[in-house]
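I have placed the structure first, in the form of structure tokens, so that the comments after it can refer back to it.
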Amino acid sequence: MDKQFEKIVQKYADIIVRKLIATYDEMGIRATGDYEKELESEITDKYMIIRGAFHSQFMESGRRPGGRPPIPSIIRWIETKKGLPPSMLKNKKGVAFAIANKIAKEGVSVPSKHNKGEVISKVINDFLQDDVYKMIDELGIIWRKRFSSDINNIFKAA
């Protein structure tokens with residue numbers, strides 16, 4: 001893949017990642033920070049790929065009932081989430097077990113009073129509405145230079 005092309009696409013992938021983190025913070029749903037830590041981008045010759053934490057899908061659209069989420073993850077959430085009552089911190093394992101059972105039974109609704117949802121889709125929709133055109137403009141400059149260079153080479157050879 002061309003380095004100029006890769007550099008421009010990576011720039012916009014980085015913009016998406018920064019906006020995902022900012023939106024997550026603006027919505028007040030940061031807890032352990034794993035969402036931010038696990039966001040990564042990859043540029044291939046055909047795709048811009050943004051990967052995130054497994055739980056990103058639940059932050060975006062909730063979780064259906066069934067299957068208990070992992071207790072250690074909930075304990076970590078209890079330990080790092082700011083503003084929880086001290087009573088939750090005293091018996092983290094018991095509270096985590098109760099939360100996991102409630103999630104298994106009822107699921108997690110999004111949007112809710114704790115998470116209005118669209119933490120990911122809002123950023124992607126904004127990118128597709130605005131930033132993708134800027135990226136295409138920058139890439140177009142490279143393609144135009146290459147095309148002009150190819151035409152010049154053809155005329156020189158002729």
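Each chain in the structure tokens gets a letter, A, B and so on, in the order shown; residues start at 1 in every chain, and ligands are counted from 1 in the order they appear.
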Q | Spatial neighbours of segment 52-59 of chain A, max dist 6 Å, only C-alpha atoms, sep filter under 5 positions, as a PyMOL selection string | A | chain A and resi 35+38-39
For the residues in the current selection, export N, CA and C atoms as a compact mmCIF listing (two decimals), in the first residue's frame.
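Output file selection17.txt is given in full below:
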# COMPACT_ATOMS: atom_id res chain seq x y z
N TYR A 35 -12.61 0.27 27.43
CA TYR A 35 -13.12 0.68 26.12
C TYR A 35 -12.07 1.50 25.39
N GLU A 38 -8.75 -0.55 24.57
CA GLU A 38 -8.86 -1.60 23.56
C GLU A 38 -9.23 -1.08 22.17
N LEU A 39 -9.47 0.22 22.05
CA LEU A 39 -9.72 0.78 20.71
C LEU A 39 -8.43 0.77 19.92
Q) Hey, what does DSSP flag as alpha helix (DSSP H) within segment 9-139 of chain A? Can you give it to me as an MDAnalysis selection string? A) chainID A and resid 9:26 34:38 56:61 71:80 86:90 92:106 121:126 132:139
Q. Leaving out Arg30 of chain A and any residue of its chain fewer than 2 positions from it, which residues lie within 12 Å of it when counting only C-alpha atoms, given as a list in words?
A. Leu20, Ile21, Ala22, Thr23, Tyr24, Asp25, Glu26, Met27, Gly28, Thr32, Gly33, Asp34, Tyr35, Glu36, Lys37, Ser56, Met59, Trp77, Ile78, Thr80, Lys81, Lys82, Gly83, His114, Asn115 and Val119 of chain A
Q: Report as number ranges by chain: the residues of chain A with a DSSP assignment of strand (DSSP E or B), based on the backbone of this structure.
A: A: 40-43, 48-51, 63, 108
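With atom CA of Arg64 of chain A on one side and atom CA of Arg51 of chain A on the other, the separation reads 22.1 Å.
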Q | Selection near segment 107-112 of chain A, 7 Å with only C-alpha atoms, sequence-local residues under 6 positions removed, as a VMD selection string | A | chain A and resid 61 to 65
Taking N, CA and C atoms for each residue, export the selection above as a compact mmCIF listing (two decimals), in the first residue's frame.
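Output below, filename result-v7.txt:
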# COMPACT_ATOMS: atom_id res chain seq x y z
N SER A 61 -25.91 -0.76 22.34
CA SER A 61 -27.31 -1.15 22.14
C SER A 61 -27.89 -2.06 23.22
N GLY A 62 -27.20 -2.15 24.35
CA GLY A 62 -27.73 -2.95 25.45
C GLY A 62 -27.41 -4.43 25.32
N ARG A 63 -28.10 -5.22 26.14
CA ARG A 63 -27.84 -6.66 26.19
C ARG A 63 -29.16 -7.37 26.48
N ARG A 64 -29.42 -8.40 25.75
CA ARG A 64 -30.62 -9.20 25.99
C ARG A 64 -30.43 -10.07 27.22
N PRO A 65 -31.54 -10.49 27.84
CA PRO A 65 -31.43 -11.42 28.97
C PRO A 65 -30.83 -12.75 28.52
